[in-house]
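What follows is work_15.cif (mmCIF, C-alpha atoms and all ligand atoms).
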data_input
#
loop_
_atom_site.label_atom_id
_atom_site.label_comp_id
_atom_site.auth_asym_id
_atom_site.auth_seq_id
_atom_site.Cartn_x
_atom_site.Cartn_y
_atom_site.Cartn_z
CA MET A 1 -7.03 18.97 33.15
CA LYS A 2 -8.56 16.07 31.25
CA LYS A 3 -7.24 15.21 27.81
CA ILE A 4 -10.20 15.05 25.46
CA ILE A 5 -10.40 14.44 21.72
CA LEU A 6 -13.19 15.56 19.44
CA THR A 7 -13.18 15.22 15.70
CA GLY A 8 -15.47 14.14 12.90
CA ASP A 9 -16.42 13.97 9.27
CA ARG A 10 -19.27 15.04 7.04
CA PRO A 11 -21.28 12.07 5.81
CA THR A 12 -21.32 13.08 2.15
CA GLY A 13 -19.70 9.87 0.89
CA CYS A 14 -17.52 6.94 1.86
CA LEU A 15 -14.21 7.86 3.44
CA HIS A 16 -11.09 7.72 1.26
CA VAL A 17 -7.36 7.28 1.78
CA GLY A 18 -6.99 11.06 2.18
CA HIS A 19 -9.23 10.87 5.26
CA TYR A 20 -7.22 7.87 6.42
CA VAL A 21 -3.75 9.41 6.42
CA GLY A 22 -5.04 12.90 7.24
CA SER A 23 -6.81 11.95 10.44
CA LEU A 24 -8.39 8.49 10.78
CA LYS A 25 -5.16 6.57 11.28
CA ARG A 26 -4.03 9.05 13.92
CA ARG A 27 -7.34 8.81 15.77
CA VAL A 28 -7.00 5.08 16.10
CA GLU A 29 -3.42 5.43 17.36
CA LEU A 30 -4.47 8.06 19.88
CA GLN A 31 -7.41 5.91 20.97
CA ASN A 32 -5.13 2.93 21.55
CA SER A 33 -2.40 4.97 23.25
CA GLY A 34 -4.61 5.13 26.34
CA GLU A 35 -3.43 8.70 26.91
CA TYR A 36 -6.84 10.30 26.46
CA ASP A 37 -9.56 10.48 29.08
CA GLU A 38 -12.41 10.87 26.61
CA ILE A 39 -12.67 10.50 22.82
CA TYR A 40 -15.62 11.73 20.75
CA ILE A 41 -15.94 10.97 17.04
CA MET A 42 -18.79 12.76 15.35
CA ILE A 43 -20.63 12.16 12.10
CA ALA A 44 -21.37 15.75 11.14
CA ASP A 45 -24.72 15.33 9.39
CA ALA A 46 -26.04 18.77 10.37
CA GLN A 47 -22.94 20.39 8.93
CA ALA A 48 -23.25 18.29 5.77
CA LEU A 49 -26.78 19.67 5.35
CA THR A 50 -25.45 23.24 5.26
CA ASP A 51 -24.44 22.65 1.64
CA ASN A 52 -26.68 19.68 0.85
CA MET A 53 -29.96 20.96 2.19
CA ASP A 54 -31.83 19.71 -0.87
CA ASN A 55 -30.39 16.21 -0.57
CA PRO A 56 -31.05 14.84 2.93
CA GLU A 57 -31.32 11.32 1.51
CA LYS A 58 -27.65 11.42 0.51
CA ILE A 59 -26.65 12.33 4.05
CA ARG A 60 -28.95 9.69 5.50
CA GLN A 61 -27.43 6.97 3.30
CA ASN A 62 -23.86 7.94 4.08
CA ILE A 63 -24.15 7.95 7.87
CA VAL A 64 -23.84 4.20 8.03
CA GLU A 65 -21.07 4.18 5.39
CA VAL A 66 -18.96 6.54 7.48
CA ALA A 67 -19.70 4.56 10.64
CA LEU A 68 -18.60 1.35 8.88
CA ASP A 69 -15.40 3.07 7.72
CA TYR A 70 -14.73 4.17 11.31
CA LEU A 71 -15.21 0.70 12.72
CA ALA A 72 -13.19 -0.86 9.88
CA CYS A 73 -10.24 1.41 10.65
CA GLY A 74 -10.26 0.32 14.27
CA LEU A 75 -12.24 2.97 16.10
CA ASP A 76 -13.64 1.00 19.00
CA PRO A 77 -16.98 1.97 20.56
CA GLU A 78 -15.69 0.67 23.90
CA LYS A 79 -13.00 3.34 23.84
CA SER A 80 -14.40 6.11 21.64
CA VAL A 81 -17.87 7.63 21.62
CA LEU A 82 -19.19 7.46 18.05
CA PHE A 83 -22.21 9.72 17.59
CA ILE A 84 -24.35 11.75 15.19
CA GLN A 85 -24.24 15.54 15.35
CA SER A 86 -27.94 16.23 14.75
CA GLN A 87 -28.87 14.14 17.79
CA ILE A 88 -27.22 16.67 20.11
CA PRO A 89 -29.58 19.70 20.13
CA GLU A 90 -27.34 21.41 22.70
CA LEU A 91 -24.95 22.14 19.82
CA CYS A 92 -27.57 24.40 18.19
CA GLU A 93 -28.15 26.23 21.42
CA MET A 94 -24.44 26.88 21.87
CA SER A 95 -24.08 28.04 18.27
CA PHE A 96 -26.86 30.56 18.82
CA TYR A 97 -24.95 32.22 21.66
CA TYR A 98 -21.60 32.04 19.84
CA MET A 99 -23.16 33.96 16.96
CA ASN A 100 -23.11 37.03 19.20
CA LEU A 101 -19.35 36.76 19.49
CA VAL A 102 -18.44 36.65 15.79
CA THR A 103 -18.74 39.37 13.16
CA VAL A 104 -19.80 38.96 9.54
CA ALA A 105 -16.44 40.45 8.53
CA ARG A 106 -14.56 37.77 10.46
CA LEU A 107 -16.57 34.96 8.89
CA LYS A 108 -15.93 36.40 5.44
CA ARG A 109 -12.21 36.29 6.22
CA ASN A 110 -12.31 32.62 7.21
CA PRO A 111 -10.18 31.15 4.38
CA THR A 112 -12.43 28.11 3.90
CA VAL A 113 -15.62 30.17 3.75
CA LYS A 114 -13.90 32.71 1.51
CA THR A 115 -12.81 30.08 -1.01
CA GLU A 116 -16.23 28.44 -1.03
CA ILE A 117 -17.95 31.78 -1.68
CA GLN A 118 -15.61 32.38 -4.64
CA MET A 119 -15.71 28.83 -6.00
CA ARG A 120 -19.47 28.57 -5.94
CA ASN A 121 -20.10 32.13 -7.07
CA PHE A 122 -22.25 32.68 -4.02
CA GLU A 123 -21.65 36.40 -3.42
CA GLU A 124 -24.57 37.57 -1.25
CA ARG A 125 -26.62 34.48 -2.01
CA ILE A 126 -24.70 32.26 0.37
CA PRO A 127 -27.09 30.39 2.70
CA VAL A 128 -26.75 31.73 6.25
CA GLY A 129 -26.36 28.20 7.62
CA PHE A 130 -23.43 27.53 5.33
CA PHE A 131 -21.87 30.93 6.04
CA THR A 132 -21.98 30.30 9.78
CA TYR A 133 -20.86 26.67 9.88
CA PRO A 134 -17.50 27.65 11.41
CA ILE A 135 -19.52 28.85 14.41
CA SER A 136 -21.39 25.57 14.65
CA GLN A 137 -18.08 23.74 14.38
CA ALA A 138 -16.86 25.76 17.38
CA ALA A 139 -19.87 24.45 19.26
CA ASP A 140 -19.01 20.87 18.24
CA ILE A 141 -15.54 21.23 19.67
CA THR A 142 -16.24 23.23 22.82
CA ALA A 143 -19.33 21.23 23.84
CA PHE A 144 -17.02 18.31 24.57
CA GLN A 145 -14.33 20.46 26.20
CA ALA A 146 -11.95 19.07 23.63
CA THR A 147 -8.28 19.77 24.18
CA THR A 148 -7.17 18.04 20.99
CA VAL A 149 -8.70 18.05 17.52
CA PRO A 150 -6.97 15.66 15.09
CA VAL A 151 -7.88 16.85 11.57
CA GLY A 152 -6.42 17.46 8.14
CA GLU A 153 -4.77 20.74 7.26
CA ASP A 154 -7.92 22.02 5.53
CA GLN A 155 -9.61 22.30 8.92
CA ALA A 156 -7.02 24.65 10.42
CA PRO A 157 -9.11 27.82 9.83
CA MET A 158 -12.01 26.21 11.73
CA ILE A 159 -9.90 25.42 14.77
CA GLU A 160 -8.47 28.94 14.68
CA GLN A 161 -11.97 30.40 14.60
CA THR A 162 -12.96 28.15 17.52
CA ARG A 163 -10.02 29.36 19.59
CA GLU A 164 -11.08 32.96 18.97
CA ILE A 165 -14.64 32.21 20.08
CA VAL A 166 -13.32 30.52 23.23
CA HIS A 167 -11.17 33.57 24.04
CA ARG A 168 -14.01 35.95 23.47
CA PHE A 169 -16.49 33.90 25.51
CA ASN A 170 -14.09 33.50 28.41
CA HIS A 171 -13.20 37.19 28.29
CA VAL A 172 -16.82 38.37 28.29
CA TYR A 173 -18.43 35.78 30.60
CA GLY A 174 -15.52 34.46 32.64
CA GLU A 175 -13.28 31.39 32.26
CA THR A 176 -15.62 28.61 31.08
CA LEU A 177 -14.60 27.06 27.78
CA VAL A 178 -11.55 24.97 26.97
CA GLU A 179 -9.21 26.15 24.24
CA PRO A 180 -8.60 23.34 21.72
CA ASN A 181 -5.38 22.52 19.90
CA ILE A 182 -5.22 21.23 16.37
CA LEU A 183 -3.27 18.01 15.80
CA LEU A 184 -1.97 17.73 12.24
CA PRO A 185 -0.26 14.68 10.72
CA ASP A 186 3.54 14.68 11.23
CA ASN A 187 4.15 13.35 7.75
CA GLN A 188 4.15 16.22 5.22
CA ALA A 189 2.61 14.00 2.50
CA CYS A 190 -0.36 13.22 4.76
CA LEU A 191 -1.30 16.86 5.29
CA ARG A 192 -3.15 17.03 2.02
CA LEU A 193 -3.05 13.88 -0.06
CA PRO A 194 -3.58 14.79 -3.74
CA GLY A 195 -6.15 13.06 -5.95
CA THR A 196 -5.13 10.22 -8.26
CA ASP A 197 -5.28 12.82 -11.08
CA GLY A 198 -2.64 14.97 -9.35
CA LYS A 199 -5.18 17.65 -8.40
CA ALA A 200 -4.57 19.25 -5.01
CA LYS A 201 -7.37 17.48 -3.19
CA MET A 202 -9.27 14.22 -3.27
CA SER A 203 -12.89 14.93 -3.88
CA LYS A 204 -15.83 12.76 -4.71
CA SER A 205 -17.05 15.18 -7.37
CA LEU A 206 -13.68 15.05 -9.19
CA GLY A 207 -13.73 11.23 -9.21
CA ASN A 208 -10.09 11.12 -8.11
CA CYS A 209 -10.42 9.21 -4.81
CA ILE A 210 -9.35 5.80 -3.62
CA TYR A 211 -11.96 4.74 -1.07
CA LEU A 212 -11.29 2.61 1.99
CA SER A 213 -14.06 0.31 0.79
CA ASP A 214 -12.78 -0.03 -2.81
CA THR A 215 -12.27 -3.58 -4.07
CA GLU A 216 -8.81 -4.95 -4.80
CA GLU A 217 -9.36 -4.65 -8.57
CA ASN A 218 -10.66 -1.10 -8.26
CA ILE A 219 -7.64 0.01 -6.28
CA LYS A 220 -5.32 -1.56 -8.82
CA LYS A 221 -7.10 0.12 -11.74
CA LYS A 222 -6.97 3.50 -10.02
CA VAL A 223 -3.27 3.15 -9.18
CA MET A 224 -2.23 1.94 -12.63
CA THR A 225 -3.97 4.91 -14.30
CA MET A 226 -2.68 7.48 -11.84
CA PHE A 227 -1.27 10.77 -13.05
CA THR A 228 2.55 10.87 -12.82
CA ASP A 229 5.22 13.15 -14.26
CA PRO A 230 4.07 14.29 -17.73
CA THR A 231 7.68 15.00 -18.76
CA HIS A 232 8.75 11.43 -17.96
CA LEU A 233 7.93 9.95 -21.37
CA ARG A 234 10.47 7.16 -21.78
CA VAL A 235 11.93 4.95 -19.07
CA GLU A 236 15.39 6.49 -19.65
CA ASP A 237 14.12 10.07 -19.12
CA PRO A 238 14.89 11.69 -15.79
CA GLY A 239 11.67 12.05 -13.80
CA HIS A 240 10.27 14.41 -11.17
CA VAL A 241 9.04 13.16 -7.82
CA GLU A 242 7.71 16.49 -6.62
CA GLY A 243 4.11 17.06 -7.61
CA ASN A 244 4.03 13.42 -8.73
CA PRO A 245 1.16 11.85 -6.78
CA VAL A 246 2.56 8.32 -7.09
CA PHE A 247 5.53 9.40 -4.99
CA THR A 248 3.41 11.49 -2.66
CA TYR A 249 1.33 8.36 -1.94
CA LEU A 250 4.51 6.37 -1.35
CA ASP A 251 5.65 9.11 1.05
CA ALA A 252 2.36 8.71 2.88
CA PHE A 253 2.03 4.91 2.90
CA SER A 254 5.25 2.99 2.23
CA THR A 255 7.43 1.59 4.99
CA ALA A 256 10.79 -0.19 5.15
CA GLN A 257 8.90 -3.48 5.40
CA HIS A 258 7.12 -2.80 2.12
CA PHE A 259 10.49 -2.36 0.42
CA GLU A 260 11.81 -5.55 1.94
CA LYS A 261 8.75 -7.45 0.80
CA TYR A 262 8.14 -6.04 -2.68
CA LEU A 263 11.22 -4.09 -3.87
CA PRO A 264 14.25 -5.50 -2.05
CA GLU A 265 16.61 -4.00 -4.66
CA TYR A 266 15.97 -0.62 -3.03
CA LYS A 267 16.66 0.04 0.64
CA ASN A 268 14.09 2.76 0.99
CA LEU A 269 12.01 5.42 -0.74
CA GLU A 270 14.96 7.80 -1.01
CA GLU A 271 16.83 5.30 -3.18
CA LEU A 272 13.78 4.71 -5.36
CA LYS A 273 13.27 8.44 -5.79
CA ALA A 274 16.95 8.95 -6.69
CA HIS A 275 16.69 6.33 -9.42
CA TYR A 276 13.52 7.88 -10.82
CA MET A 277 15.11 11.32 -10.92
CA ARG A 278 18.28 9.96 -12.57
CA GLY A 279 16.25 8.21 -15.25
CA GLY A 280 15.95 4.54 -16.07
CA LEU A 281 13.00 3.73 -13.80
CA GLY A 282 9.61 3.29 -15.42
CA ASP A 283 6.27 4.45 -14.02
CA VAL A 284 4.76 0.98 -14.27
CA LYS A 285 7.27 -0.49 -11.85
CA VAL A 286 6.67 2.29 -9.32
CA LYS A 287 2.91 1.99 -9.71
CA LYS A 288 3.01 -1.76 -9.20
CA PHE A 289 4.90 -1.20 -5.98
CA LEU A 290 2.41 1.44 -4.85
CA ASN A 291 -0.42 -0.95 -5.64
CA ASN A 292 1.17 -3.64 -3.44
CA VAL A 293 1.64 -1.13 -0.62
CA LEU A 294 -1.95 0.15 -0.80
CA GLN A 295 -3.36 -3.35 -1.02
CA ASP A 296 -1.48 -4.29 2.16
CA VAL A 297 -2.79 -1.22 3.99
CA LEU A 298 -6.38 -1.44 2.76
CA ARG A 299 -7.00 -5.20 2.77
CA PRO A 300 -7.43 -5.58 6.54
CA ILE A 301 -9.65 -2.48 6.64
CA ARG A 302 -11.87 -3.83 3.86
CA GLU A 303 -12.11 -7.24 5.51
CA ARG A 304 -13.07 -5.77 8.88
CA ARG A 305 -15.67 -3.62 7.13
CA LYS A 306 -17.23 -6.73 5.58
CA GLU A 307 -17.60 -8.21 9.07
CA PHE A 308 -19.39 -5.12 10.42
CA GLU A 309 -21.62 -4.99 7.32
CA LYS A 310 -23.13 -8.31 8.43
CA ASP A 311 -24.84 -6.65 11.37
CA ILE A 312 -26.10 -3.20 10.35
CA PRO A 313 -28.58 -2.89 13.27
CA ALA A 314 -25.61 -3.24 15.61
CA VAL A 315 -23.91 -0.31 13.86
CA TYR A 316 -26.98 1.88 14.39
CA LYS A 317 -27.10 0.77 18.03
CA ILE A 318 -23.49 1.91 18.49
CA LEU A 319 -24.38 5.34 17.09
CA GLU A 320 -27.53 5.57 19.18
CA LYS A 321 -25.73 4.71 22.41
CA GLY A 322 -22.87 7.04 21.51
CA SER A 323 -25.30 9.87 20.85
CA ILE A 324 -26.80 9.47 24.35
CA VAL A 325 -23.37 9.64 25.98
CA ALA A 326 -22.36 12.61 23.81
CA ARG A 327 -25.55 14.44 24.67
CA GLU A 328 -24.91 14.07 28.40
CA LYS A 329 -21.48 15.61 28.01
CA ALA A 330 -22.71 18.50 25.84
CA SER A 331 -25.54 19.30 28.21
CA LYS A 332 -23.12 19.54 31.16
CA THR A 333 -21.06 22.07 29.23
CA LEU A 334 -24.18 24.00 28.26
CA ILE A 335 -25.21 24.28 31.94
CA GLN A 336 -21.81 25.81 32.72
CA MET A 337 -22.14 28.20 29.79
CA LYS A 338 -25.57 29.35 30.84
CA GLN A 339 -24.34 29.89 34.36
CA ALA A 340 -21.50 32.04 33.06
CA MET A 341 -23.91 33.95 30.80
CA LYS A 342 -26.35 34.46 33.68
CA ILE A 343 -29.24 32.85 31.85
CA ASN A 344 -29.78 30.12 34.43
CA TYR A 345 -32.73 31.85 36.14
CA PHE A 346 -34.24 28.86 37.87
CA GLU A 347 -31.06 27.31 39.22
CA ASP A 348 -29.74 30.49 40.79
CA LYS A 349 -30.99 30.90 44.38
CA GLU A 350 -29.00 34.08 44.86
CA LEU A 351 -30.83 35.70 41.97
CA ILE A 352 -34.21 35.14 43.57
CA GLU A 353 -33.02 36.33 46.97
CA ASN A 354 -31.62 39.50 45.48
CA GLN A 355 -34.84 40.11 43.61
CA ILE A 356 -36.82 39.70 46.84
CA LYS A 357 -34.68 42.38 48.45
CA LYS A 358 -35.10 44.67 45.46
CA PHE A 359 -38.88 44.49 45.57
CA ASN A 360 -39.13 44.78 49.34
CA ILE A 361 -37.67 48.23 49.68
N1 LIG A 401 -15.61 20.20 8.94
C1 LIG A 401 -15.23 18.80 9.08
C2 LIG A 401 -15.08 18.22 7.67
O1 LIG A 401 -15.50 18.79 6.72
C3 LIG A 401 -16.23 18.01 9.87
C4 LIG A 401 -16.43 18.54 11.27
C5 LIG A 401 -17.58 19.10 11.76
C6 LIG A 401 -15.46 18.58 12.31
N2 LIG A 401 -17.39 19.47 13.05
C7 LIG A 401 -16.11 19.17 13.43
C8 LIG A 401 -14.12 18.19 12.41
C9 LIG A 401 -15.43 19.40 14.62
C10 LIG A 401 -13.46 18.41 13.62
C11 LIG A 401 -14.11 19.02 14.71
O2 LIG A 401 -14.54 17.15 7.54
#
Exercise: express the given structure as structure tokens:
Amino acid sequence: MKKIILTGDRPTGCLHVGHYVGSLKRRVELQNSGEYDEIYIMIADAQALTDNMDNPEKIRQNIVEVALDYLACGLDPEKSVLFIQSQIPELCEMSFYYMNLVTVARLKRNPTVKTEIQMRNFEERIPVGFFTYPISQAADITAFQATTVPVGEDQAPMIEQTREIVHRFNHVYGETLVEPNILLPDNQACLRLPGTDGKAKMSKSLGNCIYLSDTEENIKKKVMTMFTDPTHLRVEDPGHVEGNPVFTYLDAFSTAQHFEKYLPEYKNLEELKAHYMRGGLGDVKVKKFLNNVLQDVLRPIRERRKEFEKDIPAVYKILEKGSIVAREKASKTLIQMKQAMKINYFEDKELIENQIKKFNI
């Protein structure tokens, strides 16, 4: 069986370091490993519209931002198909048939949908499109016969729901769809990178993100004002590293080389953490180190982005070409689905022959 990757992001803003460690970095590694037969990276504009239906301009503006972030991180259109979800109408057709395989009760139990309903006080007023986006996400994944979906932990309920739809489809209509596997980051800290304010998640609306396209000064300002351990008041006080986002970021980003280069008095992060917990290590010193680490990681990304920004028409061309390739793949899968569902009336010679017999007796 072919090894195929599909993953993507909603174009609701520029991508941030949470996206980077949660999935982007891994995608680039997988792309360059040469172990995958096909790689599809999708800008999920149609999904973004499910909760931004009144703001299509925002989505429109952010498509190119996300594409630039992709290219800046090293996704290579020669190796990965970069495309836009709304340009693949086959996905809507698939979603329509998958809707028959999922109950309202099951969707209400989807942890992501459930939290959103509570958080936004939707109750019964939830838009149907938003309520059913897990089904459309199943179409995104299965259309490309993806075996592997590299995503952050927050997407786990979506992959689970997709696997259920695949089982149900294959059970009812015969073995057709490929069951995908989720690929989560190995590093615990990368599963869900907290915001710079220590809140559980980075989110544009909370203003607690470090973006891949942030300037050097911006990154520094954000790092130096980061939330740390509120009980660590004086340098001598023993500090906590758990729940302290500065250390979570170091867990996610720092390497032995960073220590060698910027903090040679410590061998590794374990030693730095031990000192902090013992007391006698100030936040400013740790933050300065984190700033150096992040600058090293983000500088090459920002510089590559600047290069791609010089030729925006070329970026659109990449997405346009990618969307054509993606559409070909999705339409092949849809033909197989329709065959399995027996709704391929004009391609099925046997059907016509049997009908002739039926009407001749
Ligand atoms: N739900 C994803 C997000 O919010 C985006 C997405 C849409 C996606 N379809 C997908 C991710 C299919 C992986 C596979 O970021």
Who sits within 9 Å of A:Thr225, all atoms listed in the file, same chain under 3 positions skipped, as a list in words: Thr196, Asp197, Lys220, Lys221, Lys222, Thr228 and Lys287 of chain A
Given 8 Å and only C-alpha atoms and all ligand atoms, residues near ligand LIG 401 (chain A) as JSON, numbers by chain: {"A": [6, 7, 8, 9, 10, 42, 43, 44, 47, 48, 136, 137, 138, 140, 141, 149, 150, 151, 155, 158, 159]}
Produce a file of the selected residues containing C-alpha atoms, as a short mmCIF file (atom, residue, chain, number, x, y, z; two decimals), keeping the file's coordinate frame.
data_model
loop_
_atom_site.label_atom_id
_atom_site.label_comp_id
_atom_site.auth_asym_id
_atom_site.auth_seq_id
_atom_site.Cartn_x
_atom_site.Cartn_y
_atom_site.Cartn_z
CA LEU A 6 -13.19 15.56 19.44
CA THR A 7 -13.18 15.22 15.70
CA GLY A 8 -15.47 14.14 12.90
CA ASP A 9 -16.42 13.97 9.27
CA ARG A 10 -19.27 15.04 7.04
CA MET A 42 -18.79 12.76 15.35
CA ILE A 43 -20.63 12.16 12.10
CA ALA A 44 -21.37 15.75 11.14
CA GLN A 47 -22.94 20.39 8.93
CA ALA A 48 -23.25 18.29 5.77
CA SER A 136 -21.39 25.57 14.65
CA GLN A 137 -18.08 23.74 14.38
CA ALA A 138 -16.86 25.76 17.38
CA ASP A 140 -19.01 20.87 18.24
CA ILE A 141 -15.54 21.23 19.67
CA VAL A 149 -8.70 18.05 17.52
CA PRO A 150 -6.97 15.66 15.09
CA VAL A 151 -7.88 16.85 11.57
CA GLN A 155 -9.61 22.30 8.92
CA MET A 158 -12.01 26.21 11.73
CA ILE A 159 -9.90 25.42 14.77
#
Atom CA of A:Gln87 to atom CA of A:Ala330, distance in Å rounded to a single decimal: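 Pair atom CA of A:Gln87 / atom CA of A:Ala330 returns 11.0 Å.
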For A:Ile63, the nearest of the candidates A:Ile210, A:Leu82, A:Leu183, A:Ile5, counting all atoms listed in the file: A:Leu82
Spatial neighbours of A:Pro238, 7 Å, all atoms listed in the file, chain gap at least 5 places, as a ChimeraX atom specification: /A:232,276-279
Could the residues in this selection be saved with C-alpha atoms as an mmCIF file, keeping the file's coordinate frame?
data_model
loop_
_atom_site.group_PDB
_atom_site.id
_atom_site.type_symbol
_atom_site.label_atom_id
_atom_site.label_comp_id
_atom_site.auth_asym_id
_atom_site.auth_seq_id
_atom_site.Cartn_x
_atom_site.Cartn_y
_atom_site.Cartn_z
ATOM 1 C CA HIS A 232 8.750 11.430 -17.960
ATOM 2 C CA TYR A 276 13.520 7.880 -10.820
ATOM 3 C CA MET A 277 15.110 11.320 -10.920
ATOM 4 C CA ARG A 278 18.280 9.960 -12.570
ATOM 5 C CA GLY A 279 16.250 8.210 -15.250
#
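Counting from atom CA of A:Ser213, the distance to atom CA of A:Arg302 is 5.6 Å.
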Interatomic distance, atom CA of A:Glu270 to atom CA of A:Gly195 (Å, one decimal): 22.3 Å
Non-local contacts of A:Val293 (10 Å; all atoms listed in the file; under 3 positions in same chain excluded) as number ranges by chain: A: 249-250, 253-255, 257-259, 261-262, 287-290, 296-298
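Minimum atom-to-atom distance to A:Asn62, evaluated using only C-alpha atoms, belongs to A:Thr12 out of A:Thr148, A:Gln85, A:Thr50, A:Thr12.
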Distance criterion (all atoms listed in the file): nearest to A:Pro185 out of A:Val102, A:Ala252, A:Val113, A:Val315: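 Between A:Val102, A:Ala252, A:Val113, A:Val315, the residue approaching A:Pro185 most closely is A:Ala252.
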Within 12 Å of file point (-26.9, 13.8, 24.2), counting only C-alpha atoms, expressed as a ChimeraX atom specification: /A:40,81-91,143-144,319-334
Spatial neighbours of A:Lys25, 9 Å, only C-alpha atoms, chain gap at least 6 places, as number ranges by chain: A: 19, 73-74
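Here the residues that fall within 9 Å of (-20.2, 2.8, 4.6), using only C-alpha atoms, are given as Gly13, Cys14, Leu15, Gln61, Asn62, Ile63, Val64, Glu65, Val66, Ala67, Leu68, Asp69, Tyr70, Ser213, Arg305 and Glu309 of chain A.
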Any chance you could work out the axis-aligned box around stretch 262-280 of chain A, listed atoms only, 6 Å on each side, giving centre and edge lengths in Å to one decimal, as lines of an AutoDock Vina configuration file?
center_x = 13.2
center_y = 2.6
center_z = -7.5
size_x = 22.1
size_y = 29.4
size_z = 29.1
From A:Glu160, A:Asp45, A:Glu116, A:Asp348, residue lying nearest A:Lys58 [all atoms listed in the file]: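 Between A:Glu160, A:Asp45, A:Glu116, A:Asp348, the residue approaching A:Lys58 most closely is A:Asp45.
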Could stretch 265-270 of chain A be completed with all heavy atoms and written as a PDB file, keeping the file's coordinate frame, please?
ATOM      1  N   GLU A 265      15.416  -4.605  -4.030  1.00  0.00           N
ATOM      2  CA  GLU A 265      16.610  -4.000  -4.660  1.00  0.00           C
ATOM      3  C   GLU A 265      16.800  -2.536  -4.247  1.00  0.00           C
ATOM      4  O   GLU A 265      17.828  -1.947  -4.539  1.00  0.00           O
ATOM      5  CB  GLU A 265      16.567  -4.170  -6.183  1.00  0.00           C
ATOM      6  CG  GLU A 265      15.399  -3.517  -6.909  1.00  0.00           C
ATOM      7  CD  GLU A 265      14.190  -4.441  -7.125  1.00  0.00           C
ATOM      8  OE1 GLU A 265      13.799  -5.165  -6.174  1.00  0.00           O
ATOM      9  OE2 GLU A 265      13.623  -4.428  -8.241  1.00  0.00           O
ATOM     10  N   TYR A 266      15.807  -1.969  -3.575  1.00  0.00           N
ATOM     11  CA  TYR A 266      15.970  -0.620  -3.030  1.00  0.00           C
ATOM     12  C   TYR A 266      15.845  -0.692  -1.511  1.00  0.00           C
ATOM     13  O   TYR A 266      14.985  -1.410  -0.995  1.00  0.00           O
ATOM     14  CB  TYR A 266      14.888   0.335  -3.557  1.00  0.00           C
ATOM     15  CG  TYR A 266      14.894   0.472  -5.070  1.00  0.00           C
ATOM     16  CD1 TYR A 266      14.125  -0.378  -5.849  1.00  0.00           C
ATOM     17  CD2 TYR A 266      15.666   1.442  -5.696  1.00  0.00           C
ATOM     18  CE1 TYR A 266      14.132  -0.276  -7.234  1.00  0.00           C
ATOM     19  CE2 TYR A 266      15.681   1.561  -7.077  1.00  0.00           C
ATOM     20  CZ  TYR A 266      14.906   0.695  -7.839  1.00  0.00           C
ATOM     21  OH  TYR A 266      14.911   0.807  -9.201  1.00  0.00           O
ATOM     22  N   LYS A 267      16.718   0.061  -0.836  1.00  0.00           N
ATOM     23  CA  LYS A 267      16.660   0.040   0.640  1.00  0.00           C
ATOM     24  C   LYS A 267      15.436   0.788   1.140  1.00  0.00           C
ATOM     25  O   LYS A 267      14.777   0.374   2.082  1.00  0.00           O
ATOM     26  CB  LYS A 267      17.927   0.683   1.214  1.00  0.00           C
ATOM     27  CG  LYS A 267      18.895  -0.340   1.775  1.00  0.00           C
ATOM     28  CD  LYS A 267      19.772   0.171   2.911  1.00  0.00           C
ATOM     29  CE  LYS A 267      20.667   1.334   2.642  1.00  0.00           C
ATOM     30  NZ  LYS A 267      21.781   1.328   1.796  1.00  0.00           N
ATOM     31  N   ASN A 268      15.171   1.923   0.500  1.00  0.00           N
ATOM     32  CA  ASN A 268      14.090   2.760   0.990  1.00  0.00           C
ATOM     33  C   ASN A 268      13.585   3.682  -0.123  1.00  0.00           C
ATOM     34  O   ASN A 268      14.080   3.638  -1.262  1.00  0.00           O
ATOM     35  CB  ASN A 268      14.551   3.585   2.195  1.00  0.00           C
ATOM     36  CG  ASN A 268      15.828   4.342   1.868  1.00  0.00           C
ATOM     37  OD1 ASN A 268      16.044   4.760   0.731  1.00  0.00           O
ATOM     38  ND2 ASN A 268      16.686   4.507   2.871  1.00  0.00           N
ATOM     39  N   LEU A 269      12.646   4.532   0.240  1.00  0.00           N
ATOM     40  CA  LEU A 269      12.010   5.420  -0.740  1.00  0.00           C
ATOM     41  C   LEU A 269      13.010   6.414  -1.320  1.00  0.00           C
ATOM     42  O   LEU A 269      12.917   6.778  -2.497  1.00  0.00           O
ATOM     43  CB  LEU A 269      10.825   6.135  -0.067  1.00  0.00           C
ATOM     44  CG  LEU A 269       9.927   6.974  -0.967  1.00  0.00           C
ATOM     45  CD1 LEU A 269       9.418   6.183  -2.156  1.00  0.00           C
ATOM     46  CD2 LEU A 269       8.751   7.544  -0.175  1.00  0.00           C
ATOM     47  N   GLU A 270      13.964   6.830  -0.510  1.00  0.00           N
ATOM     48  CA  GLU A 270      14.960   7.800  -1.010  1.00  0.00           C
ATOM     49  C   GLU A 270      15.711   7.212  -2.197  1.00  0.00           C
ATOM     50  O   GLU A 270      15.934   7.887  -3.202  1.00  0.00           O
ATOM     51  CB  GLU A 270      15.937   8.207   0.117  1.00  0.00           C
ATOM     52  CG  GLU A 270      15.321   9.130   1.156  1.00  0.00           C
ATOM     53  CD  GLU A 270      14.298  10.117   0.580  1.00  0.00           C
ATOM     54  OE1 GLU A 270      14.698  10.934  -0.287  1.00  0.00           O
ATOM     55  OE2 GLU A 270      13.102  10.060   0.945  1.00  0.00           O
TER      56      GLU A 270
END
